[in-house]
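Structure file upload37.txt (compact mmCIF, C-alpha atoms and all ligand atoms) follows.
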# COMPACT_ATOMS: atom_id res chain seq x y z
CA MET A 1 -28.97 5.06 -78.28
CA GLU A 2 -32.75 4.75 -78.43
CA PHE A 3 -34.62 1.64 -77.38
CA GLU A 4 -38.08 1.32 -78.77
CA LYS A 5 -40.69 -1.20 -77.76
CA ASN A 6 -41.30 -4.01 -80.24
CA ASP A 7 -38.23 -2.83 -82.15
CA GLU A 8 -37.86 -5.12 -85.12
CA HIS A 9 -34.08 -5.23 -84.80
CA TYR A 10 -34.16 -6.57 -81.26
CA ILE A 11 -36.71 -9.19 -82.24
CA ILE A 12 -34.48 -10.40 -85.06
CA MET A 13 -31.54 -10.35 -82.67
CA ALA A 14 -33.43 -12.61 -80.29
CA ARG A 15 -34.38 -14.94 -83.14
CA ARG A 16 -30.84 -15.22 -84.41
CA TRP A 17 -29.16 -15.59 -81.04
CA SER A 18 -31.66 -18.20 -79.92
CA ARG A 19 -30.74 -20.33 -82.95
CA GLY A 20 -27.10 -20.27 -81.92
CA TYR A 21 -28.14 -20.99 -78.36
CA MET A 22 -30.13 -24.07 -79.43
CA VAL A 23 -27.10 -25.51 -81.19
CA THR A 24 -24.87 -25.07 -78.15
CA VAL A 25 -27.51 -26.51 -75.82
CA ALA A 26 -27.77 -29.56 -78.08
CA VAL A 27 -23.98 -29.98 -78.02
CA GLY A 28 -24.17 -29.61 -74.24
CA VAL A 29 -26.38 -32.71 -74.07
CA VAL A 30 -23.68 -34.74 -75.79
CA THR A 31 -20.75 -33.38 -73.77
CA GLY A 32 -22.78 -33.81 -70.57
CA THR A 33 -23.41 -37.46 -71.41
CA ILE A 34 -19.71 -37.95 -72.16
CA ILE A 35 -18.77 -36.46 -68.79
CA GLY A 36 -21.12 -38.83 -67.01
CA LEU A 37 -19.39 -41.71 -68.78
CA GLN A 38 -15.95 -40.33 -67.97
CA LEU A 39 -16.79 -40.05 -64.27
CA SER A 40 -17.48 -43.75 -63.95
CA LEU A 41 -14.85 -44.96 -66.45
CA LEU A 42 -11.91 -42.85 -65.32
CA TRP A 43 -12.69 -42.09 -61.68
CA PRO A 44 -14.35 -45.27 -60.32
CA ASN A 45 -12.87 -44.95 -56.81
CA PHE A 46 -14.01 -41.35 -56.54
CA MET A 47 -17.53 -42.26 -57.61
CA GLU A 48 -17.61 -45.13 -55.12
CA ILE A 49 -16.98 -42.82 -52.20
CA ALA A 50 -18.52 -39.55 -53.41
CA GLY A 51 -21.33 -41.07 -55.48
CA GLN A 52 -23.75 -41.33 -52.58
CA ILE A 53 -23.46 -37.57 -52.17
CA ILE A 54 -23.07 -36.15 -55.64
CA ALA A 55 -25.67 -38.40 -57.27
CA LEU A 56 -28.36 -36.00 -56.05
CA PRO A 57 -26.99 -32.77 -57.60
CA LEU A 58 -26.00 -34.67 -60.75
CA PHE A 59 -29.55 -35.93 -61.12
CA MET A 60 -30.98 -32.48 -60.39
CA GLU A 61 -28.76 -31.05 -63.09
CA THR A 62 -30.25 -33.43 -65.65
CA PHE A 63 -33.70 -32.44 -64.50
CA ALA A 64 -32.89 -28.72 -64.79
CA PHE A 65 -31.53 -29.34 -68.24
CA PHE A 66 -34.76 -30.96 -69.44
CA PHE A 67 -36.72 -28.08 -67.97
CA GLU A 68 -34.59 -25.63 -69.94
CA ALA A 69 -34.69 -27.66 -73.16
CA ILE A 70 -38.48 -28.07 -73.13
CA PHE A 71 -39.14 -24.35 -72.77
CA LEU A 72 -36.43 -23.48 -75.26
CA GLY A 73 -38.16 -25.77 -77.75
CA ILE A 74 -41.50 -24.11 -77.12
CA TYR A 75 -39.89 -20.68 -77.45
CA ALA A 76 -38.25 -21.55 -80.75
CA TYR A 77 -41.43 -22.82 -82.40
CA THR A 78 -43.96 -20.27 -81.23
CA TRP A 79 -42.62 -17.01 -82.67
CA ASP A 80 -45.63 -16.61 -84.94
CA ARG A 81 -48.21 -17.60 -82.35
CA PHE A 82 -47.94 -14.35 -80.45
CA ASP A 83 -49.12 -10.95 -81.63
CA ASP A 84 -47.42 -9.32 -78.71
CA GLN A 85 -43.76 -10.32 -78.68
CA ARG A 86 -43.51 -9.38 -75.02
CA LYS A 87 -45.67 -12.39 -74.14
CA HIS A 88 -43.44 -14.65 -76.21
CA PHE A 89 -40.48 -13.23 -74.34
CA LEU A 90 -41.95 -14.54 -71.07
CA LEU A 91 -41.12 -18.06 -72.26
CA LEU A 92 -37.47 -17.19 -71.78
CA ILE A 93 -37.93 -16.92 -68.02
CA PRO A 94 -38.19 -20.71 -67.50
CA VAL A 95 -35.35 -21.15 -70.03
CA ALA A 96 -33.12 -18.88 -67.96
CA ILE A 97 -34.19 -20.58 -64.72
CA GLY A 98 -33.44 -24.00 -66.19
CA GLY A 99 -30.05 -22.91 -67.51
CA GLY A 100 -29.18 -21.21 -64.22
CA MET A 101 -30.26 -24.28 -62.26
CA SER A 102 -28.06 -26.56 -64.40
CA ALA A 103 -25.08 -24.33 -63.66
CA PHE A 104 -26.05 -24.23 -59.99
CA PHE A 105 -26.24 -28.01 -59.54
CA ILE A 106 -23.16 -28.92 -61.54
CA THR A 107 -21.02 -26.27 -59.88
CA ILE A 108 -22.20 -27.60 -56.52
CA VAL A 109 -20.46 -30.86 -57.36
CA ASN A 110 -17.25 -28.98 -58.00
CA SER A 111 -17.52 -26.94 -54.80
CA PHE A 112 -18.10 -30.17 -52.88
CA MET A 113 -14.78 -31.48 -54.21
CA ASN A 114 -13.06 -28.34 -52.91
CA THR A 115 -14.78 -28.02 -49.53
CA PRO A 116 -16.43 -31.38 -48.80
CA THR A 117 -19.04 -31.38 -46.00
CA GLY A 118 -22.19 -33.30 -45.09
CA PHE A 119 -20.77 -36.69 -44.06
CA GLU A 120 -18.38 -38.42 -41.65
CA MET A 121 -15.36 -40.53 -42.44
CA VAL A 122 -15.07 -43.71 -40.35
CA ASN A 123 -12.14 -46.05 -41.12
CA GLY A 124 -11.84 -44.78 -44.66
CA ALA A 125 -15.55 -45.18 -45.36
CA LEU A 126 -17.94 -42.32 -45.95
CA VAL A 127 -20.91 -42.65 -43.55
CA HIS A 128 -23.94 -40.59 -42.44
CA ALA A 129 -24.08 -39.01 -45.88
CA ASN A 130 -26.40 -36.01 -45.99
CA PRO A 131 -26.55 -34.93 -49.64
CA VAL A 132 -28.49 -31.76 -48.89
CA ALA A 133 -25.97 -30.54 -46.30
CA ALA A 134 -23.23 -31.48 -48.79
CA MET A 135 -24.86 -29.32 -51.45
CA PHE A 136 -24.68 -26.30 -49.16
CA ASN A 137 -20.94 -26.62 -48.66
CA PRO A 138 -18.86 -23.50 -47.89
CA ALA A 139 -17.54 -22.94 -51.41
CA MET A 140 -20.98 -23.25 -53.03
CA PRO A 141 -22.19 -19.61 -52.91
CA THR A 142 -19.03 -18.03 -54.31
CA LYS A 143 -18.34 -20.74 -56.87
CA VAL A 144 -21.86 -20.85 -58.26
CA SER A 145 -22.14 -17.06 -58.49
CA HIS A 146 -18.65 -16.57 -59.96
CA VAL A 147 -19.29 -19.25 -62.58
CA VAL A 148 -22.70 -17.88 -63.54
CA ALA A 149 -21.56 -14.23 -63.66
CA THR A 150 -18.44 -15.02 -65.72
CA ALA A 151 -20.49 -17.21 -68.06
CA TYR A 152 -22.90 -14.35 -68.80
CA MET A 153 -19.91 -12.05 -69.17
CA THR A 154 -18.23 -14.42 -71.64
CA ALA A 155 -21.41 -14.85 -73.68
CA ALA A 156 -21.86 -11.08 -73.90
CA PHE A 157 -18.27 -10.47 -75.04
CA LEU A 158 -18.44 -13.34 -77.52
CA LEU A 159 -21.46 -11.75 -79.20
CA ALA A 160 -19.80 -8.32 -78.99
CA SER A 161 -16.69 -9.61 -80.75
CA ILE A 162 -18.67 -11.16 -83.58
CA THR A 163 -20.59 -7.91 -83.98
CA ALA A 164 -17.46 -5.74 -83.92
CA PHE A 165 -15.93 -8.04 -86.51
CA LYS A 166 -18.95 -7.58 -88.76
CA LEU A 167 -18.64 -3.80 -88.45
CA LEU A 168 -14.93 -3.99 -89.28
CA LYS A 169 -15.73 -6.07 -92.36
CA GLY A 170 -17.86 -3.27 -93.68
CA SER A 171 -21.39 -4.05 -92.46
CA ARG A 172 -22.99 -0.73 -91.70
CA HIS A 173 -26.47 -1.78 -90.68
CA VAL A 174 -27.81 -0.11 -87.52
CA TYR A 175 -28.67 -3.64 -86.32
CA TYR A 176 -24.98 -4.19 -85.55
CA LYS A 177 -24.65 -0.91 -83.70
CA LYS A 178 -27.58 -1.77 -81.48
CA ALA A 179 -26.22 -5.27 -80.92
CA LEU A 180 -22.78 -3.96 -80.01
CA TYR A 181 -24.08 -1.41 -77.53
CA LEU A 182 -26.35 -3.99 -75.91
CA THR A 183 -23.72 -6.72 -75.59
CA MET A 184 -21.00 -4.38 -74.33
CA LYS A 185 -23.35 -3.01 -71.71
CA ILE A 186 -24.22 -6.52 -70.52
CA GLY A 187 -20.51 -7.35 -70.62
CA LEU A 188 -19.80 -4.35 -68.40
CA ILE A 189 -22.48 -5.28 -65.86
CA PHE A 190 -21.24 -8.85 -65.54
CA SER A 191 -17.55 -7.78 -65.49
CA VAL A 192 -18.27 -5.70 -62.42
CA ALA A 193 -20.26 -8.56 -60.86
CA SER A 194 -17.50 -11.09 -61.64
CA ALA A 195 -14.83 -8.91 -60.04
CA ILE A 196 -16.87 -8.34 -56.88
CA ILE A 197 -17.74 -12.03 -56.56
CA GLY A 198 -14.13 -12.96 -57.41
CA ASP A 199 -13.06 -10.97 -54.39
CA PHE A 200 -15.42 -13.05 -52.24
CA SER A 201 -13.94 -16.20 -53.80
CA GLY A 202 -10.51 -15.07 -52.64
CA LYS A 203 -11.80 -14.56 -49.09
CA LEU A 204 -13.39 -18.00 -49.20
CA LEU A 205 -10.04 -19.51 -50.19
CA ALA A 206 -8.27 -17.68 -47.35
CA GLU A 207 -10.60 -19.39 -44.93
CA TYR A 208 -11.24 -22.83 -46.44
CA GLN A 209 -8.41 -23.52 -48.90
CA PRO A 210 -5.52 -21.34 -47.70
CA GLU A 211 -2.99 -23.52 -49.55
CA LYS A 212 -4.62 -22.64 -52.88
CA LEU A 213 -4.50 -18.90 -52.19
CA ALA A 214 -0.92 -19.14 -50.85
CA ALA A 215 0.20 -21.03 -53.98
CA ALA A 216 -1.55 -18.55 -56.25
CA GLU A 217 0.17 -15.65 -54.48
CA TRP A 218 3.57 -17.32 -53.88
CA HIS A 219 2.98 -16.54 -50.22
CA PHE A 220 5.59 -18.79 -48.60
CA GLU A 221 5.50 -17.72 -44.95
CA THR A 222 2.49 -17.01 -42.77
CA GLU A 223 2.56 -13.29 -42.01
CA GLY A 224 0.50 -10.15 -41.51
CA GLU A 225 0.62 -7.07 -43.76
CA ALA A 226 0.98 -9.44 -46.70
CA PRO A 227 1.63 -7.82 -50.10
CA LEU A 228 -0.06 -8.93 -53.31
CA LEU A 229 2.38 -10.27 -55.90
CA MET A 230 1.63 -9.88 -59.57
CA TYR A 231 3.52 -11.52 -62.44
CA GLY A 232 7.26 -12.15 -61.91
CA PHE A 233 8.94 -15.55 -61.76
CA LEU A 234 10.70 -17.86 -59.31
CA ASP A 235 14.48 -18.32 -59.55
CA GLU A 236 16.32 -21.55 -58.66
CA ASN A 237 16.23 -20.68 -54.93
CA GLN A 238 12.46 -20.21 -55.02
CA GLU A 239 12.97 -16.45 -54.66
CA VAL A 240 10.39 -14.24 -56.37
CA ARG A 241 11.93 -12.03 -59.09
CA TYR A 242 10.52 -9.03 -60.96
CA ALA A 243 7.07 -9.27 -59.40
CA ILE A 244 4.95 -6.18 -58.83
CA LYS A 245 4.32 -5.96 -55.08
CA VAL A 246 1.20 -4.17 -53.90
CA PRO A 247 1.74 -3.60 -50.17
CA TYR A 248 -0.94 -4.91 -47.74
CA MET A 249 -3.11 -5.95 -50.69
CA LEU A 250 -3.11 -9.71 -50.02
CA SER A 251 -4.15 -9.14 -46.40
CA ILE A 252 -6.92 -6.87 -47.66
CA LEU A 253 -8.06 -9.33 -50.32
CA ALA A 254 -7.99 -12.27 -47.94
CA HIS A 255 -9.45 -10.70 -44.81
CA SER A 256 -10.48 -7.08 -45.65
CA ASN A 257 -7.85 -5.87 -43.20
CA PRO A 258 -4.37 -4.56 -44.17
CA THR A 259 -2.64 -6.10 -41.15
CA ALA A 260 -4.42 -9.48 -41.08
CA GLU A 261 -2.29 -12.61 -41.06
CA VAL A 262 -2.42 -14.68 -44.26
CA ILE A 263 -1.51 -18.38 -44.00
CA GLY A 264 1.59 -19.27 -46.02
CA LEU A 265 2.78 -22.46 -47.71
CA ASN A 266 5.10 -23.17 -44.75
CA GLU A 267 2.07 -24.58 -42.91
CA PHE A 268 1.59 -27.42 -45.39
CA GLU A 269 3.46 -30.63 -46.17
CA PRO A 270 5.32 -30.31 -49.49
CA GLU A 271 3.29 -33.19 -50.95
CA GLU A 272 0.08 -31.36 -50.04
CA THR A 273 1.10 -28.09 -51.71
CA PRO A 274 -0.52 -27.21 -55.05
CA PRO A 275 1.75 -26.53 -58.06
CA LEU A 276 3.06 -22.96 -57.94
CA ILE A 277 2.19 -22.41 -61.61
CA VAL A 278 -1.34 -21.47 -60.48
CA HIS A 279 0.10 -17.99 -59.81
CA TYR A 280 0.14 -17.34 -63.55
CA PHE A 281 -3.40 -18.66 -63.99
CA PHE A 282 -4.62 -16.29 -61.30
CA ASP A 283 -2.71 -13.30 -62.75
CA SER A 284 -3.94 -14.00 -66.27
CA MET A 285 -7.57 -14.36 -65.21
CA VAL A 286 -7.51 -11.16 -63.17
CA THR A 287 -5.65 -9.21 -65.87
CA ILE A 288 -8.15 -10.22 -68.54
CA GLY A 289 -11.04 -9.49 -66.19
CA MET A 290 -9.77 -5.99 -65.47
CA PHE A 291 -9.02 -5.33 -69.14
CA LEU A 292 -12.55 -6.32 -70.18
CA LEU A 293 -14.09 -4.26 -67.42
CA VAL A 294 -12.18 -1.13 -68.45
CA LEU A 295 -12.77 -1.78 -72.17
CA SER A 296 -16.54 -2.09 -71.78
CA LEU A 297 -16.67 0.88 -69.39
CA ILE A 298 -14.82 3.12 -71.87
CA TYR A 299 -17.05 1.92 -74.69
CA TRP A 300 -20.23 2.54 -72.73
CA MET A 301 -19.13 6.03 -71.66
CA GLY A 302 -17.80 6.73 -75.15
CA ILE A 303 -21.12 5.94 -76.83
CA ARG A 304 -23.04 8.05 -74.35
CA ARG A 305 -20.64 10.98 -74.66
CA HIS A 306 -19.96 10.66 -78.39
CA TRP A 307 -16.24 9.95 -78.13
CA ALA A 308 -15.25 9.20 -81.71
CA PHE A 309 -12.40 6.82 -80.89
CA VAL A 310 -14.71 4.10 -79.54
CA LYS A 311 -15.86 3.68 -83.13
CA SER A 312 -12.32 3.57 -84.50
CA THR A 313 -10.85 0.53 -86.20
CA PHE A 314 -8.35 0.05 -83.38
CA PHE A 315 -11.00 0.08 -80.67
CA ARG A 316 -13.18 -2.31 -82.64
CA TRP A 317 -10.28 -4.74 -82.93
CA LEU A 318 -9.93 -4.61 -79.15
CA ILE A 319 -13.61 -5.56 -78.93
CA VAL A 320 -13.03 -8.43 -81.38
CA LEU A 321 -10.42 -9.71 -78.90
CA SER A 322 -12.82 -9.53 -75.95
CA GLY A 323 -14.70 -12.77 -76.70
CA PRO A 324 -11.65 -15.04 -77.05
CA LEU A 325 -10.07 -13.32 -74.02
CA ALA A 326 -13.13 -13.95 -71.89
CA PHE A 327 -13.03 -17.64 -72.87
CA LEU A 328 -9.34 -17.74 -71.93
CA ALA A 329 -10.14 -16.15 -68.57
CA MET A 330 -12.67 -18.91 -67.89
CA GLU A 331 -10.04 -21.53 -68.69
CA PHE A 332 -7.49 -19.82 -66.44
CA GLY A 333 -10.11 -19.64 -63.70
CA TRP A 334 -10.78 -23.37 -63.91
CA TRP A 335 -7.08 -24.19 -64.01
CA LEU A 336 -6.57 -22.04 -60.93
CA ALA A 337 -9.45 -23.77 -59.14
CA GLU A 338 -8.59 -27.33 -60.20
CA VAL A 339 -4.80 -27.36 -60.39
CA GLY A 340 -4.90 -25.36 -57.15
CA ARG A 341 -6.84 -28.24 -55.56
CA GLN A 342 -4.05 -30.73 -56.22
CA PRO A 343 -3.14 -33.30 -54.95
CA TRP A 344 -6.74 -33.73 -53.83
CA ILE A 345 -9.81 -34.81 -55.74
CA LEU A 346 -11.85 -34.49 -52.54
CA ARG A 347 -9.90 -32.01 -50.47
CA GLY A 348 -8.32 -33.63 -47.39
CA ILE A 349 -10.00 -36.98 -48.05
CA MET A 350 -8.98 -38.58 -51.32
CA THR A 351 -6.16 -37.77 -53.73
CA VAL A 352 -6.48 -37.72 -57.51
CA GLU A 353 -4.08 -40.66 -57.65
CA GLU A 354 -6.25 -42.77 -55.37
CA ALA A 355 -9.36 -41.84 -57.31
CA ALA A 356 -8.18 -42.67 -60.82
CA THR A 357 -8.85 -45.94 -62.57
CA SER A 358 -6.04 -48.50 -62.62
CA SER A 359 -7.18 -49.75 -66.03
CA ASP A 360 -4.45 -50.36 -68.61
CA TYR A 361 -6.65 -48.76 -71.24
CA VAL A 362 -6.54 -45.29 -69.77
CA ASN A 363 -4.32 -44.03 -72.61
CA VAL A 364 -6.71 -45.37 -75.22
CA MET A 365 -9.61 -43.77 -73.40
CA ILE A 366 -8.00 -40.35 -73.27
CA VAL A 367 -7.31 -40.45 -77.00
CA LEU A 368 -10.86 -41.55 -77.78
CA PHE A 369 -12.39 -38.87 -75.59
CA ALA A 370 -10.13 -36.22 -77.09
CA LEU A 371 -11.16 -37.29 -80.59
CA LEU A 372 -14.80 -37.15 -79.62
CA TYR A 373 -14.42 -33.60 -78.33
CA ILE A 374 -12.54 -32.52 -81.46
CA VAL A 375 -15.27 -33.92 -83.69
CA LEU A 376 -17.93 -32.20 -81.58
CA GLY A 377 -16.02 -28.89 -81.56
CA VAL A 378 -15.51 -28.85 -85.32
CA GLY A 379 -19.10 -29.97 -85.90
CA THR A 380 -20.43 -27.15 -83.74
CA VAL A 381 -18.44 -24.52 -85.62
CA VAL A 382 -19.56 -25.90 -88.99
CA VAL A 383 -23.24 -25.95 -88.00
CA LEU A 384 -23.14 -22.47 -86.46
CA ARG A 385 -21.43 -21.01 -89.52
CA ARG A 386 -24.01 -22.61 -91.81
CA ILE A 387 -26.91 -21.22 -89.83
CA PHE A 388 -25.61 -17.66 -89.91
CA LYS A 389 -23.85 -17.56 -93.27
CA ASN A 390 -26.83 -18.85 -95.21
CA ASN A 391 -29.09 -16.39 -93.52
CA PRO A 392 -27.49 -12.96 -93.21
CA ILE A 393 -29.42 -10.32 -91.31
CA GLU A 394 -29.84 -8.15 -94.38
CA VAL A 395 -31.94 -10.95 -95.85
CA GLU A 396 -33.78 -11.58 -92.63
CA LEU A 397 -34.76 -7.93 -92.36
CA LYS A 398 -36.04 -8.27 -95.94
CA GLY A 399 -34.53 -4.91 -96.79
CA ASN A 400 -37.53 -3.15 -95.30
CA ASP A 401 -35.48 -0.54 -93.55
CA SER A 402 -32.38 1.47 -94.20
CA PRO A 403 -29.27 1.73 -92.04
FE1 LIG B 1 -12.18 -15.80 -61.41
C1 LIG B 1 -12.04 -19.03 -60.10
C2 LIG B 1 -11.05 -14.53 -58.38
C3 LIG B 1 -12.23 -12.62 -62.77
C4 LIG B 1 -13.51 -17.09 -64.38
N1 LIG B 1 -11.63 -16.63 -59.59
C5 LIG B 1 -11.61 -17.96 -59.29
C6 LIG B 1 -11.07 -18.13 -57.97
C7 LIG B 1 -10.80 -16.87 -57.48
C8 LIG B 1 -11.16 -15.93 -58.51
C9 LIG B 1 -10.23 -16.52 -56.12
C10 LIG B 1 -10.80 -19.48 -57.27
C11 LIG B 1 -12.06 -19.91 -56.55
C12 LIG B 1 -11.96 -21.30 -55.97
O1 LIG B 1 -11.06 -22.07 -56.30
O2 LIG B 1 -12.85 -21.62 -55.15
N2 LIG B 1 -11.74 -13.91 -60.69
C13 LIG B 1 -11.31 -13.60 -59.43
C14 LIG B 1 -11.15 -12.19 -59.34
C15 LIG B 1 -11.48 -11.64 -60.56
C16 LIG B 1 -11.84 -12.76 -61.42
C17 LIG B 1 -10.69 -11.44 -58.10
C18 LIG B 1 -11.55 -10.16 -60.91
C19 LIG B 1 -10.71 -9.72 -61.94
N3 LIG B 1 -12.74 -15.02 -63.23
C20 LIG B 1 -12.62 -13.70 -63.59
C21 LIG B 1 -13.02 -13.56 -64.97
C22 LIG B 1 -13.38 -14.80 -65.43
C23 LIG B 1 -13.20 -15.71 -64.31
C24 LIG B 1 -13.02 -12.25 -65.72
C25 LIG B 1 -13.88 -15.24 -66.77
C26 LIG B 1 -14.46 -14.53 -67.69
N4 LIG B 1 -12.68 -17.72 -62.11
C27 LIG B 1 -13.29 -18.00 -63.33
C28 LIG B 1 -13.65 -19.40 -63.36
C29 LIG B 1 -13.22 -19.97 -62.14
C30 LIG B 1 -12.61 -18.89 -61.37
C31 LIG B 1 -14.36 -20.10 -64.50
C32 LIG B 1 -13.37 -21.46 -61.70
C33 LIG B 1 -14.64 -21.67 -60.90
C34 LIG B 1 -14.52 -21.20 -59.48
O3 LIG B 1 -15.24 -20.27 -59.09
O4 LIG B 1 -13.69 -21.74 -58.76

The structure given in the file should be rewritten as C-alpha cells.
Amino acid sequence: MEFEKNDEHYIIMARRWSRGYMVTVAVGVVTGTIIGLQLSLLWPNFMEIAGQIIALPLFMETFAFFFEAIFLGIYAYTWDRFDDQRKHFLLLIPVAIGGGMSAFFITIVNSFMNTPTGFEMVNGALVHANPVAAMFNPAMPTKVSHVVATAYMTAAFLLASITAFKLLKGSRHVYYKKALYLTMKIGLIFSVASAIIGDFSGKLLAEYQPEKLAAAEWHFETEGEAPLLMYGFLDENQEVRYAIKVPYMLSILAHSNPTAEVIGLNEFEPEETPPLIVHYFFDSMVTIGMFLLVLSLIYWMGIRRHWAFVKSTFFRWLIVLSGPLAFLAMEFGWWLAEVGRQPWILRGIMTVEEAATSSDYVNVMIVLFALLYIVLGVGTVVVLRRIFKNNPIEVELKGNDSP
C-alpha cells in the first residue's frame, strides 16, 4: 500500500480520530476525579499510611494530564492555521508525552502497591518516606511499559475492528483500506512489544512476587525444571486435570533457564496465598495476546503478498473481534495483577481488609459509584456515536475523490 505525503485520507483520519480521543480524554477527567474520591472514601486507612508516598505521583499525574489536555486543545483548534500539516502534527508530540506521563505516574502507584519500597516501618508506622525512591520501585519498569504497550495495542485493534466492521457493512472507500492496514500494522508492533515486556513481567514476579506467579501457574511445590501449565482445572483434591504441560517452560519464563528452581505455593501461609482463579486470567490474557499477534501478522503479510483470504468476510469478522478481545485481555491482565496481589493492598505491609473503610454506608457507596460509571459509559457511547454518525467520512471527503 502506498503512503503519500500530505495524503488527504490520513489527514481526515487524524481529524476524526482526534475527535474521538478528545471525548475519551474528557471522560477520563471525570473518572479520574471519581477515583480520587474513592481512594479517600473507601480506603482511608490505606491513604493514611501510603498517602505520604503516593501523593507525589498522584499529583504528577494530574499535572501530566493538564499538559496533555492543553496541547490537545491547541491541536484540535488549529487545523486551519497551518499550511503544512506536518507542522501541525508536531503538536501531537507534547500530547503523546502528556498522555504517556499520566500512564507512567498512575501505574507507578500500582507498582508501589505490589512492590513497596522507599520507606521504613517502625511499630506499624511508615517513617523515613522517600517518595522518589518509592516511585522507582522494582515493579515500575515492567508494569509501566506493559500497560503503555498494551494500551497502544488495544487502541489500534479497537480502531481496526471499527474499520473492518465498516468494510463488512459495504463501505468500499479506500479510506477504510488505508485505515485498516495502518491500525493492524500498529497492532502488530505493539502485540510483539506487549509479549516481550510480558515475559519480563513474569520474571519480575518470579523474583518479587513469587506467590502471584505460583498461583497463576498452579505451581504448588518449589522445584526445578518446572513445566508451564495451560488451561485445565483443579479437582477436589487440588490435583490439576486436563492441563497442557509445556516441559521446562515455567523455569524458562521465570529465570531464562530450563532447570532453574521456581518457588511454589508451599512456601507461603495459606492466608497469604492469592486465589487460584488467577490461573484462568493469566491463560486468557496470554491466549488473546497470542491470537492478536498472529492475526495481525497474517494480515500484514497477506496484504503485502496479496493473499486474497485476508480480505474475506471471515477474516474481517476476526478483525472485528480484535478490539473487544484486546479490551478483555486488559481486564484479565488487571485481574491477574490485582487479584494475584491478595490479601495485600500494600504487599507484605497492609491487607485489603485493614485498609478498607469501616463505614456502614459502604454498600450505598458502591451502588452510587456503579451508577455513576454506568451513566458515564452510556453517555460516552452516545456522544461518540453522534459525532461519527452525523459526520460520515464520505461527507467529510466532500466526494472529491473516488474509491
Ligand atoms: Fe499481560 C499484567 C504477562 C499479554 C494486559 N501480564 C501481566 C502480568 C504478567 C503478564 C506476568 C502481571 C504483572 C504484575 O502483576 O506485575 N501479558 C503477559 C504476557 C503476555 C501478555 C507473557 C504475552 C501474551 N497483557 C497481554 C495483553 C494484554 C495484557 C495482550 C492486553 C491487551 N497484562 C495486561 C494488563 C496487566 C497485565 C493490563 C496489568 C498491569 C500489570 O502490568 O501488572

### Task
Name all residues at most 12 Å from Thr115 of chain A (count only C-alpha atoms; drop same-chain ones fewer than 2 positions away) and give them as a PyMOL selection string.
chain A and resi 108-113+117-119+133-143+204-205+207-210+212+337+341+344-349

Ligand LIG 1 (chain B): which residues are within 8 Å, counting only C-alpha atoms and all ligand atoms, as an mmCIF file with C-alpha atoms, in the frame of the given file?
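File produced: out.cif:
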data_model
loop_
_atom_site.group_PDB
_atom_site.id
_atom_site.type_symbol
_atom_site.label_atom_id
_atom_site.label_comp_id
_atom_site.auth_asym_id
_atom_site.auth_seq_id
_atom_site.Cartn_x
_atom_site.Cartn_y
_atom_site.Cartn_z
ATOM 1 C CA THR A 107 -21.020 -26.270 -59.880
ATOM 2 C CA SER A 111 -17.520 -26.940 -54.800
ATOM 3 C CA ASN A 114 -13.060 -28.340 -52.910
ATOM 4 C CA ALA A 139 -17.540 -22.940 -51.410
ATOM 5 C CA THR A 142 -19.030 -18.030 -54.310
ATOM 6 C CA LYS A 143 -18.340 -20.740 -56.870
ATOM 7 C CA VAL A 144 -21.860 -20.850 -58.260
ATOM 8 C CA SER A 145 -22.140 -17.060 -58.490
ATOM 9 C CA HIS A 146 -18.650 -16.570 -59.960
ATOM 10 C CA VAL A 147 -19.290 -19.250 -62.580
ATOM 11 C CA THR A 150 -18.440 -15.020 -65.720
ATOM 12 C CA ALA A 151 -20.490 -17.210 -68.060
ATOM 13 C CA MET A 153 -19.910 -12.050 -69.170
ATOM 14 C CA THR A 154 -18.230 -14.420 -71.640
ATOM 15 C CA SER A 191 -17.550 -7.780 -65.490
ATOM 16 C CA SER A 194 -17.500 -11.090 -61.640
ATOM 17 C CA ALA A 195 -14.830 -8.910 -60.040
ATOM 18 C CA ILE A 196 -16.870 -8.340 -56.880
ATOM 19 C CA ILE A 197 -17.740 -12.030 -56.560
ATOM 20 C CA GLY A 198 -14.130 -12.960 -57.410
ATOM 21 C CA ASP A 199 -13.060 -10.970 -54.390
ATOM 22 C CA PHE A 200 -15.420 -13.050 -52.240
ATOM 23 C CA SER A 201 -13.940 -16.200 -53.800
ATOM 24 C CA GLY A 202 -10.510 -15.070 -52.640
ATOM 25 C CA LYS A 203 -11.800 -14.560 -49.090
ATOM 26 C CA LEU A 204 -13.390 -18.000 -49.200
ATOM 27 C CA LEU A 205 -10.040 -19.510 -50.190
ATOM 28 C CA GLN A 209 -8.410 -23.520 -48.900
ATOM 29 C CA LYS A 212 -4.620 -22.640 -52.880
ATOM 30 C CA LEU A 213 -4.500 -18.900 -52.190
ATOM 31 C CA PHE A 282 -4.620 -16.290 -61.300
ATOM 32 C CA MET A 285 -7.570 -14.360 -65.210
ATOM 33 C CA VAL A 286 -7.510 -11.160 -63.170
ATOM 34 C CA THR A 287 -5.650 -9.210 -65.870
ATOM 35 C CA ILE A 288 -8.150 -10.220 -68.540
ATOM 36 C CA GLY A 289 -11.040 -9.490 -66.190
ATOM 37 C CA MET A 290 -9.770 -5.990 -65.470
ATOM 38 C CA LEU A 292 -12.550 -6.320 -70.180
ATOM 39 C CA LEU A 325 -10.070 -13.320 -74.020
ATOM 40 C CA ALA A 326 -13.130 -13.950 -71.890
ATOM 41 C CA PHE A 327 -13.030 -17.640 -72.870
ATOM 42 C CA LEU A 328 -9.340 -17.740 -71.930
ATOM 43 C CA ALA A 329 -10.140 -16.150 -68.570
ATOM 44 C CA MET A 330 -12.670 -18.910 -67.890
ATOM 45 C CA GLU A 331 -10.040 -21.530 -68.690
ATOM 46 C CA PHE A 332 -7.490 -19.820 -66.440
ATOM 47 C CA GLY A 333 -10.110 -19.640 -63.700
ATOM 48 C CA TRP A 334 -10.780 -23.370 -63.910
ATOM 49 C CA TRP A 335 -7.080 -24.190 -64.010
ATOM 50 C CA LEU A 336 -6.570 -22.040 -60.930
ATOM 51 C CA ALA A 337 -9.450 -23.770 -59.140
ATOM 52 C CA GLU A 338 -8.590 -27.330 -60.200
ATOM 53 C CA GLY A 340 -4.900 -25.360 -57.150
ATOM 54 C CA ARG A 341 -6.840 -28.240 -55.560
#

#### Entry: Distance criterion (all atoms listed in the file): nearest to Thr351 of chain A out of A:Phe309, A:Trp317, A:Tyr10, A:Trp43
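So, comparing all the options, the nearest one is A:Trp43.
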